[in-house]
Every structure is written in structure tokens, then in C-alpha cells.
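As provided, work_27.pdb (PDB, C-alpha atoms, pLDDT in the B column) reads as follows.
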ATOM      1  CA  MET R  11      25.210  21.877  -2.577  1.00 76.00           C
ATOM      2  CA  ASN R  12      25.879  21.094  -6.192  1.00 92.00           C
ATOM      3  CA  HIS R  13      22.481  20.077  -7.514  1.00 93.00           C
ATOM      4  CA  THR R  14      21.835  20.329 -11.205  1.00 96.00           C
ATOM      5  CA  SER R  15      18.595  22.168 -11.957  1.00 95.00           C
ATOM      6  CA  GLU R  16      16.957  18.775 -12.507  1.00 94.00           C
ATOM      7  CA  GLY R  17      18.413  17.454  -9.241  1.00 95.00           C
ATOM      8  CA  ALA R  18      17.071  20.473  -7.344  1.00 96.00           C
ATOM      9  CA  LEU R  19      13.613  20.010  -8.876  1.00 95.00           C
ATOM     10  CA  LEU R  20      13.637  16.305  -8.090  1.00 95.00           C
ATOM     11  CA  THR R  21      14.681  17.065  -4.502  1.00 96.00           C
ATOM     12  CA  ASN R  22      11.627  19.314  -4.153  1.00 96.00           C
ATOM     13  CA  ILE R  23       9.412  16.594  -5.625  1.00 95.00           C
ATOM     14  CA  ILE R  24      10.821  14.041  -3.172  1.00 95.00           C
ATOM     15  CA  LEU R  25      10.149  16.380  -0.245  1.00 96.00           C
ATOM     16  CA  ASP R  26       6.591  16.878  -1.525  1.00 97.00           C
ATOM     17  CA  ILE R  27       6.164  13.097  -1.769  1.00 96.00           C
ATOM     18  CA  PHE R  28       7.340  12.658   1.836  1.00 96.00           C
ATOM     19  CA  LYS R  29       4.747  15.171   3.004  1.00 97.00           C
ATOM     20  CA  LEU R  30       2.059  13.655   0.765  1.00 97.00           C
ATOM     21  CA  ASN R  31       2.823  10.168   2.091  1.00 95.00           C
ATOM     22  CA  GLY R  32       2.271  11.329   5.655  1.00 96.00           C
ATOM     23  CA  LEU R  33      -0.998  12.992   4.713  1.00 97.00           C
ATOM     24  CA  LEU R  34      -2.174   9.926   2.778  1.00 97.00           C
ATOM     25  CA  VAL R  35      -1.452   7.663   5.753  1.00 96.00           C
ATOM     26  CA  GLN R  36      -3.401  10.004   8.064  1.00 97.00           C
ATOM     27  CA  GLU R  37      -6.348  10.205   5.676  1.00 97.00           C
ATOM     28  CA  GLY R  38      -6.265   6.460   5.036  1.00 97.00           C
ATOM     29  CA  ASP R  39      -6.285   5.758   8.765  1.00 98.00           C
ATOM     30  CA  LYS R  40      -9.349   7.989   9.174  1.00 98.00           C
ATOM     31  CA  LEU R  41     -11.066   6.446   6.173  1.00 97.00           C
ATOM     32  CA  VAL R  42     -10.844   2.846   7.397  1.00 97.00           C
ATOM     33  CA  LYS R  43     -10.862   3.340  11.175  1.00 97.00           C
ATOM     34  CA  GLU R  44     -14.487   2.245  11.568  1.00 96.00           C
ATOM     35  CA  LEU R  45     -13.609  -0.990   9.745  1.00 96.00           C
ATOM     36  CA  GLY R  46     -10.982  -1.780  12.403  1.00 94.00           C
ATOM     37  CA  LEU R  47      -8.170  -1.149   9.920  1.00 97.00           C
ATOM     38  CA  THR R  48      -5.248   1.216   9.546  1.00 97.00           C
ATOM     39  CA  SER R  49      -3.562   2.266   6.323  1.00 96.00           C
ATOM     40  CA  ALA R  50      -0.820  -0.290   6.955  1.00 95.00           C
ATOM     41  CA  ARG R  51      -3.288  -3.136   7.500  1.00 97.00           C
ATOM     42  CA  TRP R  52      -5.264  -2.016   4.467  1.00 97.00           C
ATOM     43  CA  LYS R  53      -2.096  -2.204   2.339  1.00 95.00           C
ATOM     44  CA  VAL R  54      -1.491  -5.806   3.428  1.00 97.00           C
ATOM     45  CA  LEU R  55      -5.062  -6.729   2.518  1.00 97.00           C
ATOM     46  CA  GLY R  56      -4.595  -4.939  -0.809  1.00 96.00           C
ATOM     47  CA  ALA R  57      -1.366  -6.768  -1.601  1.00 96.00           C
ATOM     48  CA  LEU R  58      -3.111 -10.088  -1.051  1.00 97.00           C
ATOM     49  CA  SER R  59      -6.286  -9.022  -2.830  1.00 96.00           C
ATOM     50  CA  SER R  60      -4.393  -8.077  -5.980  1.00 93.00           C
ATOM     51  CA  SER R  61      -2.428 -11.341  -6.074  1.00 92.00           C
ATOM     52  CA  GLU R  62      -3.561 -14.426  -7.932  1.00 91.00           C
ATOM     53  CA  THR R  63      -1.483 -16.635  -5.622  1.00 92.00           C
ATOM     54  CA  PHE R  64      -0.830 -16.927  -1.904  1.00 95.00           C
ATOM     55  CA  LEU R  65       2.019 -14.694  -0.722  1.00 96.00           C
ATOM     56  CA  THR R  66       4.732 -14.930   1.898  1.00 95.00           C
ATOM     57  CA  VAL R  67       5.394 -12.023   4.221  1.00 96.00           C
ATOM     58  CA  SER R  68       8.490 -11.225   2.141  1.00 95.00           C
ATOM     59  CA  ASP R  69       6.359 -11.114  -1.023  1.00 95.00           C
ATOM     60  CA  ILE R  70       3.874  -8.767   0.646  1.00 96.00           C
ATOM     61  CA  ALA R  71       6.687  -6.554   1.968  1.00 96.00           C
ATOM     62  CA  ARG R  72       8.203  -6.223  -1.526  1.00 93.00           C
ATOM     63  CA  LYS R  73       4.821  -5.269  -3.020  1.00 91.00           C
ATOM     64  CA  MET R  74       4.275  -2.684  -0.274  1.00 90.00           C
ATOM     65  CA  GLY R  75       7.824  -1.306  -0.171  1.00 87.00           C
ATOM     66  CA  GLN R  76       7.963  -2.093   3.555  1.00 91.00           C
ATOM     67  CA  SER R  77      10.269  -4.102   5.805  1.00 94.00           C
ATOM     68  CA  ARG R  78       9.583  -7.789   6.249  1.00 94.00           C
ATOM     69  CA  GLN R  79       9.520  -7.361  10.024  1.00 96.00           C
ATOM     70  CA  SER R  80       6.794  -4.710   9.994  1.00 95.00           C
ATOM     71  CA  VAL R  81       4.688  -6.758   7.568  1.00 96.00           C
ATOM     72  CA  GLN R  82       5.147  -9.871   9.755  1.00 96.00           C
ATOM     73  CA  ARG R  83       3.680  -8.000  12.740  1.00 96.00           C
ATOM     74  CA  LEU R  84       0.746  -6.814  10.623  1.00 97.00           C
ATOM     75  CA  ALA R  85       0.161 -10.304   9.183  1.00 96.00           C
ATOM     76  CA  ASN R  86       0.190 -11.807  12.689  1.00 96.00           C
ATOM     77  CA  ASP R  87      -2.351  -9.246  13.910  1.00 96.00           C
ATOM     78  CA  LEU R  88      -4.580  -9.681  10.853  1.00 97.00           C
ATOM     79  CA  ALA R  89      -4.439 -13.471  11.208  1.00 97.00           C
ATOM     80  CA  ASP R  90      -5.332 -13.202  14.921  1.00 97.00           C
ATOM     81  CA  GLU R  91      -8.349 -11.101  13.919  1.00 96.00           C
ATOM     82  CA  GLY R  92      -9.450 -13.619  11.294  1.00 97.00           C
ATOM     83  CA  LEU R  93      -8.736 -11.431   8.252  1.00 98.00           C
ATOM     84  CA  LEU R  94      -5.825 -13.562   6.981  1.00 97.00           C
ATOM     85  CA  VAL R  95      -4.988 -17.215   7.130  1.00 96.00           C
ATOM     86  CA  GLY R  96      -1.435 -18.541   7.175  1.00 94.00           C
ATOM     87  CA  LEU R  97      -0.867 -21.814   5.334  1.00 93.00           C
ATOM     88  CA  ASP R  98       2.097 -24.179   5.310  1.00 92.00           C
ATOM     89  CA  ASN R  99       4.496 -23.399   2.489  1.00 92.00           C
ATOM     90  CA  PRO R 100       5.765 -26.538   0.730  1.00 91.00           C
ATOM     91  CA  ASN R 101       8.788 -24.564  -0.566  1.00 88.00           C
ATOM     92  CA  ASN R 102       9.864 -23.084   2.762  1.00 90.00           C
ATOM     93  CA  LYS R 103       8.890 -24.466   6.164  1.00 87.00           C
ATOM     94  CA  LYS R 104       9.655 -21.138   7.892  1.00 89.00           C
ATOM     95  CA  ALA R 105       7.733 -18.827   5.517  1.00 92.00           C
ATOM     96  CA  LYS R 106       3.973 -19.285   5.671  1.00 94.00           C
ATOM     97  CA  LEU R 107       1.808 -18.489   2.701  1.00 96.00           C
ATOM     98  CA  TYR R 108      -0.937 -15.973   3.429  1.00 97.00           C
ATOM     99  CA  SER R 109      -4.368 -15.562   1.940  1.00 96.00           C
ATOM    100  CA  LEU R 110      -7.374 -13.397   2.719  1.00 97.00           C
ATOM    101  CA  THR R 111     -10.227 -14.977   4.612  1.00 97.00           C
ATOM    102  CA  ASN R 112     -13.793 -14.121   3.609  1.00 97.00           C
ATOM    103  CA  ASP R 113     -13.813 -11.505   6.397  1.00 97.00           C
ATOM    104  CA  GLY R 114     -10.521 -10.098   5.100  1.00 97.00           C
ATOM    105  CA  SER R 115     -11.876  -9.897   1.578  1.00 97.00           C
ATOM    106  CA  ASP R 116     -15.048  -8.199   2.847  1.00 97.00           C
ATOM    107  CA  ALA R 117     -13.024  -5.674   4.875  1.00 98.00           C
ATOM    108  CA  PHE R 118     -10.899  -4.851   1.826  1.00 98.00           C
ATOM    109  CA  THR R 119     -13.994  -4.434  -0.361  1.00 98.00           C
ATOM    110  CA  GLN R 120     -15.576  -2.080   2.188  1.00 98.00           C
ATOM    111  CA  ALA R 121     -12.354  -0.067   2.424  1.00 98.00           C
ATOM    112  CA  MET R 122     -12.196   0.265  -1.358  1.00 98.00           C
ATOM    113  CA  LYS R 123     -15.799   1.500  -1.519  1.00 98.00           C
ATOM    114  CA  LYS R 124     -14.866   4.253   0.923  1.00 97.00           C
ATOM    115  CA  GLN R 125     -11.663   4.978  -1.006  1.00 97.00           C
ATOM    116  CA  SER R 126     -13.553   5.278  -4.288  1.00 97.00           C
ATOM    117  CA  LEU R 127     -15.819   8.033  -2.985  1.00 97.00           C
ATOM    118  CA  TRP R 128     -12.896   9.793  -1.285  1.00 97.00           C
ATOM    119  CA  VAL R 129     -10.530   9.696  -4.268  1.00 97.00           C
ATOM    120  CA  ASN R 130     -13.222  10.723  -6.780  1.00 97.00           C
ATOM    121  CA  ASP R 131     -13.844  13.813  -4.678  1.00 97.00           C
ATOM    122  CA  ILE R 132     -10.128  14.673  -4.553  1.00 96.00           C
ATOM    123  CA  ALA R 133      -9.670  14.066  -8.304  1.00 97.00           C
ATOM    124  CA  ARG R 134     -12.472  16.482  -9.187  1.00 96.00           C
ATOM    125  CA  GLY R 135     -10.971  19.354 -11.183  1.00 96.00           C
ATOM    126  CA  MET R 136      -7.735  17.549 -12.073  1.00 97.00           C
ATOM    127  CA  SER R 137      -7.171  16.755 -15.739  1.00 97.00           C
ATOM    128  CA  GLU R 138      -6.458  13.240 -16.951  1.00 97.00           C
ATOM    129  CA  THR R 139      -3.349  14.591 -18.695  1.00 97.00           C
ATOM    130  CA  GLU R 140      -1.940  15.928 -15.403  1.00 96.00           C
ATOM    131  CA  LEU R 141      -2.752  12.690 -13.624  1.00 97.00           C
ATOM    132  CA  HIS R 142      -1.162  10.552 -16.363  1.00 97.00           C
ATOM    133  CA  SER R 143       1.994  12.702 -16.244  1.00 97.00           C
ATOM    134  CA  ALA R 144       2.228  12.434 -12.466  1.00 96.00           C
ATOM    135  CA  SER R 145       1.669   8.667 -12.588  1.00 97.00           C
ATOM    136  CA  THR R 146       4.334   8.212 -15.270  1.00 97.00           C
ATOM    137  CA  LEU R 147       6.885  10.231 -13.309  1.00 95.00           C
ATOM    138  CA  LEU R 148       6.223   8.323 -10.091  1.00 95.00           C
ATOM    139  CA  ARG R 149       6.554   4.973 -11.895  1.00 95.00           C
ATOM    140  CA  GLU R 150       9.852   6.096 -13.469  1.00 95.00           C
ATOM    141  CA  LEU R 151      11.206   7.158 -10.072  1.00 94.00           C
ATOM    142  CA  THR R 152      10.116   3.871  -8.531  1.00 90.00           C
ATOM    143  CA  LEU R 153      11.815   1.848 -11.271  1.00 92.00           C
ATOM    144  CA  LYS R 154      15.076   3.794 -10.857  1.00 93.00           C
ATOM    145  CA  LEU R 155      15.058   3.155  -7.105  1.00 90.00           C
ATOM    146  CA  GLU R 156      14.171  -0.523  -7.384  1.00 83.00           C
TER     147      GLU R 156
END
Any chance you could give the structure as C-alpha cells?
Amino acid sequence: MNHTSEGALLTNIILDIFKLNGLLVQEGDKLVKELGLTSARWKVLGALSSSETFLTVSDIARKMGQSRQSVQRLANDLADEGLLVGLDNPNNKKAKLYSLTNDGSDAFTQAMKKQSLWVNDIARGMSETELHSASTLLRELTLKLE
């Protein structure tokens, strides 16, 4: 192994992120279980909620950093449950445009209320400087990988 000191540190950060991701998914699943959601479904609702336009499955997948196939399964399930609606896309007959229904918007709002309490509790005792530094580093890593 010929890591530079920076490469070795970044490797440790990446391993920590992998572990953190797993823990966040577990906690997210617990947080929204009573709403009939999972972390993955919640992310789809969030991608649509934060968009000013309707999105295709490919658009949602890019925003989430997920595969199109996995997002298609989630979108189908959410549409079957009345949380999303698929609309005809005038630019592409094969790629529907998705939007939240009122129930989908309500579910996302309820999930975010739970998340707000949860994250505020976790953030207690962390400094804004530390959090800004961590956020900046994660954004830089994301940009390099995109």
C-alpha cells in the first residue's frame, strides 16, 4: 500500500462514511417506520419536494446518488400507495414525470418534523465551526467524485 498521508486519512474518512451511512439508514428507517416509509422512500419524496419542477426517475436517481432501477421500483411503490403521481412526459414517452400527491407531501412534512427533533438532539454539543468544516469537506469530496 502506497498511500500518501492524505490518502491514508481520506481512506479512513471514507470508511467512517460507509459506517455512518449504514447507521443513518437504520435510524432513518426507525424514524419514519410509523409513517409507512423507509429511508429510501423518504429520499425519493425529498428529491421531489425540493424540486420546483416534475422529475423523471433518472432525475430523482441523480439527485439521490442511486441507480435508476432502484428508484424506479421505489417510484412505482410510492405511486401505488398514492404518494406520487406519474404524468406523461411530452419530451420522452418512456420516462414519466413524477410529482408528490397531497398525501406524499404530507408524509414528507411529517417525516421532516420527526427528523428535526432527532437531528437537533444529535447536533447538541457540536460547534457550528466543526459542522461547517465537515459539510465543506463532504461537498468537496462529492464534487470530485461527480
**Complete:** Closest of R:Asn101, R:Ser126, R:Ser49, R:Ser109 to Ala89 of chain R, counting all atoms listed in the file, is R:Ser109
Result set of the PyMOL selection byres ((chain R and resi 115) around 10) on the coordinates above, as a PDB file with C-alpha atoms, in the frame of the given file:
ATOM      1  CA  LEU R  55      -5.062  -6.729   2.518  1.00 97.00           C
ATOM      2  CA  GLY R  56      -4.595  -4.939  -0.809  1.00 96.00           C
ATOM      3  CA  LEU R  58      -3.111 -10.088  -1.051  1.00 97.00           C
ATOM      4  CA  SER R  59      -6.286  -9.022  -2.830  1.00 96.00           C
ATOM      5  CA  LEU R  93      -8.736 -11.431   8.252  1.00 98.00           C
ATOM      6  CA  LEU R  94      -5.825 -13.562   6.981  1.00 97.00           C
ATOM      7  CA  SER R 109      -4.368 -15.562   1.940  1.00 96.00           C
ATOM      8  CA  LEU R 110      -7.374 -13.397   2.719  1.00 97.00           C
ATOM      9  CA  THR R 111     -10.227 -14.977   4.612  1.00 97.00           C
ATOM     10  CA  ASN R 112     -13.793 -14.121   3.609  1.00 97.00           C
ATOM     11  CA  ASP R 113     -13.813 -11.505   6.397  1.00 97.00           C
ATOM     12  CA  GLY R 114     -10.521 -10.098   5.100  1.00 97.00           C
ATOM     13  CA  ASP R 116     -15.048  -8.199   2.847  1.00 97.00           C
ATOM     14  CA  ALA R 117     -13.024  -5.674   4.875  1.00 98.00           C
ATOM     15  CA  PHE R 118     -10.899  -4.851   1.826  1.00 98.00           C
ATOM     16  CA  THR R 119     -13.994  -4.434  -0.361  1.00 98.00           C
ATOM     17  CA  GLN R 120     -15.576  -2.080   2.188  1.00 98.00           C
ATOM     18  CA  ALA R 121     -12.354  -0.067   2.424  1.00 98.00           C
TER      19      ALA R 121
END
**Asked** What is the distance between atom CA of Ser15 of chain R and atom CA of Gly75 of chain R, in Å to one decimal?
**Response**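 According to the coordinates, atom CA of Ser15 of chain R and atom CA of Gly75 of chain R are separated by 28.4 Å.
The gap separating atom CA of Met122 of chain R from atom CA of Ala50 of chain R is 14.1 Å, in Å to one decimal.
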**Message:** Just want the 10 Å neighbourhood of segment 145-152 of chain R, counted on only C-alpha atoms, with same-chain residues fewer than 4 positions away dropped. Output as number ranges by chain.
**Reply:** R: 20, 23-24, 27, 139-141, 156
Write the residues of the preceding selection, restricted to C-alpha atoms, as a PDB file, keeping the file's coordinate frame.
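Below is the file result-v4.pdb, written as the result:
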ATOM      1  CA  LEU R  20      13.637  16.305  -8.090  1.00 95.00           C
ATOM      2  CA  ILE R  23       9.412  16.594  -5.625  1.00 95.00           C
ATOM      3  CA  ILE R  24      10.821  14.041  -3.172  1.00 95.00           C
ATOM      4  CA  ILE R  27       6.164  13.097  -1.769  1.00 96.00           C
ATOM      5  CA  THR R 139      -3.349  14.591 -18.695  1.00 97.00           C
ATOM      6  CA  GLU R 140      -1.940  15.928 -15.403  1.00 96.00           C
ATOM      7  CA  LEU R 141      -2.752  12.690 -13.624  1.00 97.00           C
ATOM      8  CA  GLU R 156      14.171  -0.523  -7.384  1.00 83.00           C
TER       9      GLU R 156
END
**Request:** Rank R:Tyr108, R:Ser137, R:Leu155, R:His142 by their smallest atom-to-atom distance to Glu62 of chain R, using all atoms listed in the file, and report the top residue only.
**Result:**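 When distances to Glu62 of chain R are compared using all atoms listed in the file, the smallest one comes from R:Tyr108.
Shortest separation to Arg51 of chain R among R:Ala18, R:Ile132, R:Val81, R:Ala144 occurs at residue R:Val81, atoms counted being all atoms listed in the file.
With only C-alpha atoms as the basis for measurement, R:Val54 is the residue among R:Val54, R:Leu127, R:Ala133, R:Leu33 that approaches Lys73 of chain R most closely.
Atom pair atom CA of Glu37 of chain R / atom CA of Val129 of chain R has a distance of 10.8 Å (rounded to one decimal).
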Please output segment 121-155 of chain R, rebuilt to include N, CA and C atoms, as a PDB file, in the frame of the given file.
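To be explicit, this is the file written out as part.pdb:
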ATOM      1  N   ALA R 121     -13.348  -1.148   2.438  1.00 98.00           N
ATOM      2  CA  ALA R 121     -12.354  -0.067   2.424  1.00 98.00           C
ATOM      3  C   ALA R 121     -12.271   0.563   1.039  1.00 98.00           C
ATOM      4  N   MET R 122     -12.308  -0.255  -0.001  1.00 98.00           N
ATOM      5  CA  MET R 122     -12.196   0.265  -1.358  1.00 98.00           C
ATOM      6  C   MET R 122     -13.442   1.054  -1.773  1.00 98.00           C
ATOM      7  N   LYS R 123     -14.591   0.704  -1.253  1.00 98.00           N
ATOM      8  CA  LYS R 123     -15.799   1.500  -1.519  1.00 98.00           C
ATOM      9  C   LYS R 123     -15.636   2.901  -0.934  1.00 98.00           C
ATOM     10  N   LYS R 124     -15.112   2.956   0.289  1.00 97.00           N
ATOM     11  CA  LYS R 124     -14.866   4.253   0.923  1.00 97.00           C
ATOM     12  C   LYS R 124     -13.806   5.037   0.142  1.00 97.00           C
ATOM     13  N   GLN R 125     -12.752   4.335  -0.281  1.00 97.00           N
ATOM     14  CA  GLN R 125     -11.663   4.978  -1.006  1.00 97.00           C
ATOM     15  C   GLN R 125     -12.156   5.546  -2.327  1.00 97.00           C
ATOM     16  N   SER R 126     -13.046   4.834  -2.994  1.00 97.00           N
ATOM     17  CA  SER R 126     -13.553   5.278  -4.288  1.00 97.00           C
ATOM     18  C   SER R 126     -14.261   6.627  -4.172  1.00 97.00           C
ATOM     19  N   LEU R 127     -15.122   6.756  -3.193  1.00 97.00           N
ATOM     20  CA  LEU R 127     -15.819   8.033  -2.985  1.00 97.00           C
ATOM     21  C   LEU R 127     -14.823   9.140  -2.639  1.00 97.00           C
ATOM     22  N   TRP R 128     -13.891   8.824  -1.755  1.00 97.00           N
ATOM     23  CA  TRP R 128     -12.896   9.793  -1.285  1.00 97.00           C
ATOM     24  C   TRP R 128     -12.009  10.270  -2.429  1.00 97.00           C
ATOM     25  N   VAL R 129     -11.479   9.325  -3.217  1.00 97.00           N
ATOM     26  CA  VAL R 129     -10.530   9.696  -4.268  1.00 97.00           C
ATOM     27  C   VAL R 129     -11.232  10.417  -5.417  1.00 97.00           C
ATOM     28  N   ASN R 130     -12.477  10.029  -5.723  1.00 97.00           N
ATOM     29  CA  ASN R 130     -13.222  10.723  -6.780  1.00 97.00           C
ATOM     30  C   ASN R 130     -13.430  12.186  -6.412  1.00 97.00           C
ATOM     31  N   ASP R 131     -13.667  12.445  -5.143  1.00 97.00           N
ATOM     32  CA  ASP R 131     -13.844  13.813  -4.678  1.00 97.00           C
ATOM     33  C   ASP R 131     -12.539  14.611  -4.819  1.00 97.00           C
ATOM     34  N   ILE R 132     -11.434  13.998  -4.459  1.00 96.00           N
ATOM     35  CA  ILE R 132     -10.128  14.673  -4.553  1.00 96.00           C
ATOM     36  C   ILE R 132      -9.757  14.918  -6.020  1.00 96.00           C
ATOM     37  N   ALA R 133     -10.058  13.962  -6.894  1.00 97.00           N
ATOM     38  CA  ALA R 133      -9.670  14.066  -8.304  1.00 97.00           C
ATOM     39  C   ALA R 133     -10.489  15.104  -9.070  1.00 97.00           C
ATOM     40  N   ARG R 134     -11.620  15.506  -8.499  1.00 96.00           N
ATOM     41  CA  ARG R 134     -12.472  16.482  -9.187  1.00 96.00           C
ATOM     42  C   ARG R 134     -11.661  17.749  -9.494  1.00 96.00           C
ATOM     43  N   GLY R 135     -11.675  18.147 -10.762  1.00 96.00           N
ATOM     44  CA  GLY R 135     -10.971  19.354 -11.183  1.00 96.00           C
ATOM     45  C   GLY R 135      -9.559  19.101 -11.697  1.00 96.00           C
ATOM     46  N   MET R 136      -9.055  17.876 -11.542  1.00 97.00           N
ATOM     47  CA  MET R 136      -7.735  17.549 -12.073  1.00 97.00           C
ATOM     48  C   MET R 136      -7.921  16.951 -13.456  1.00 97.00           C
ATOM     49  N   SER R 137      -7.037  17.292 -14.380  1.00 97.00           N
ATOM     50  CA  SER R 137      -7.171  16.755 -15.739  1.00 97.00           C
ATOM     51  C   SER R 137      -6.527  15.374 -15.827  1.00 97.00           C
ATOM     52  N   GLU R 138      -7.047  14.554 -16.735  1.00 97.00           N
ATOM     53  CA  GLU R 138      -6.458  13.240 -16.951  1.00 97.00           C
ATOM     54  C   GLU R 138      -5.012  13.360 -17.433  1.00 97.00           C
ATOM     55  N   THR R 139      -4.719  14.392 -18.202  1.00 97.00           N
ATOM     56  CA  THR R 139      -3.349  14.591 -18.695  1.00 97.00           C
ATOM     57  C   THR R 139      -2.393  14.819 -17.526  1.00 97.00           C
ATOM     58  N   GLU R 140      -2.775  15.680 -16.585  1.00 96.00           N
ATOM     59  CA  GLU R 140      -1.940  15.928 -15.403  1.00 96.00           C
ATOM     60  C   GLU R 140      -1.744  14.650 -14.595  1.00 96.00           C
ATOM     61  N   LEU R 141      -2.823  13.911 -14.424  1.00 97.00           N
ATOM     62  CA  LEU R 141      -2.752  12.690 -13.624  1.00 97.00           C
ATOM     63  C   LEU R 141      -1.900  11.629 -14.314  1.00 97.00           C
ATOM     64  N   HIS R 142      -2.013  11.495 -15.622  1.00 97.00           N
ATOM     65  CA  HIS R 142      -1.162  10.552 -16.363  1.00 97.00           C
ATOM     66  C   HIS R 142       0.306  10.943 -16.240  1.00 97.00           C
ATOM     67  N   SER R 143       0.603  12.233 -16.355  1.00 97.00           N
ATOM     68  CA  SER R 143       1.994  12.702 -16.244  1.00 97.00           C
ATOM     69  C   SER R 143       2.565  12.410 -14.866  1.00 97.00           C
ATOM     70  N   ALA R 144       1.771  12.686 -13.837  1.00 96.00           N
ATOM     71  CA  ALA R 144       2.228  12.434 -12.466  1.00 96.00           C
ATOM     72  C   ALA R 144       2.461  10.935 -12.257  1.00 96.00           C
ATOM     73  N   SER R 145       1.548  10.113 -12.736  1.00 97.00           N
ATOM     74  CA  SER R 145       1.669   8.667 -12.588  1.00 97.00           C
ATOM     75  C   SER R 145       2.911   8.145 -13.301  1.00 97.00           C
ATOM     76  N   THR R 146       3.162   8.631 -14.498  1.00 97.00           N
ATOM     77  CA  THR R 146       4.334   8.212 -15.270  1.00 97.00           C
ATOM     78  C   THR R 146       5.618   8.577 -14.535  1.00 97.00           C
ATOM     79  N   LEU R 147       5.691   9.795 -14.028  1.00 95.00           N
ATOM     80  CA  LEU R 147       6.885  10.231 -13.309  1.00 95.00           C
ATOM     81  C   LEU R 147       7.110   9.385 -12.062  1.00 95.00           C
ATOM     82  N   LEU R 148       6.067   9.119 -11.306  1.00 95.00           N
ATOM     83  CA  LEU R 148       6.223   8.323 -10.091  1.00 95.00           C
ATOM     84  C   LEU R 148       6.661   6.898 -10.416  1.00 95.00           C
ATOM     85  N   ARG R 149       6.126   6.310 -11.484  1.00 95.00           N
ATOM     86  CA  ARG R 149       6.554   4.973 -11.895  1.00 95.00           C
ATOM     87  C   ARG R 149       8.023   4.973 -12.308  1.00 95.00           C
ATOM     88  N   GLU R 150       8.440   6.007 -13.043  1.00 95.00           N
ATOM     89  CA  GLU R 150       9.852   6.096 -13.469  1.00 95.00           C
ATOM     90  C   GLU R 150      10.768   6.202 -12.254  1.00 95.00           C
ATOM     91  N   LEU R 151      10.397   7.023 -11.288  1.00 94.00           N
ATOM     92  CA  LEU R 151      11.206   7.158 -10.072  1.00 94.00           C
ATOM     93  C   LEU R 151      11.279   5.832  -9.314  1.00 94.00           C
ATOM     94  N   THR R 152      10.155   5.159  -9.224  1.00 90.00           N
ATOM     95  CA  THR R 152      10.116   3.871  -8.531  1.00 90.00           C
ATOM     96  C   THR R 152      11.031   2.867  -9.215  1.00 90.00           C
ATOM     97  N   LEU R 153      10.971   2.793 -10.532  1.00 92.00           N
ATOM     98  CA  LEU R 153      11.815   1.848 -11.271  1.00 92.00           C
ATOM     99  C   LEU R 153      13.305   2.148 -11.063  1.00 92.00           C
ATOM    100  N   LYS R 154      13.664   3.431 -11.054  1.00 93.00           N
ATOM    101  CA  LYS R 154      15.076   3.794 -10.857  1.00 93.00           C
ATOM    102  C   LYS R 154      15.562   3.405  -9.465  1.00 93.00           C
ATOM    103  N   LEU R 155      14.661   3.476  -8.483  1.00 90.00           N
ATOM    104  CA  LEU R 155      15.058   3.155  -7.105  1.00 90.00           C
ATOM    105  C   LEU R 155      15.023   1.656  -6.815  1.00 90.00           C
TER     106      LEU R 155
END
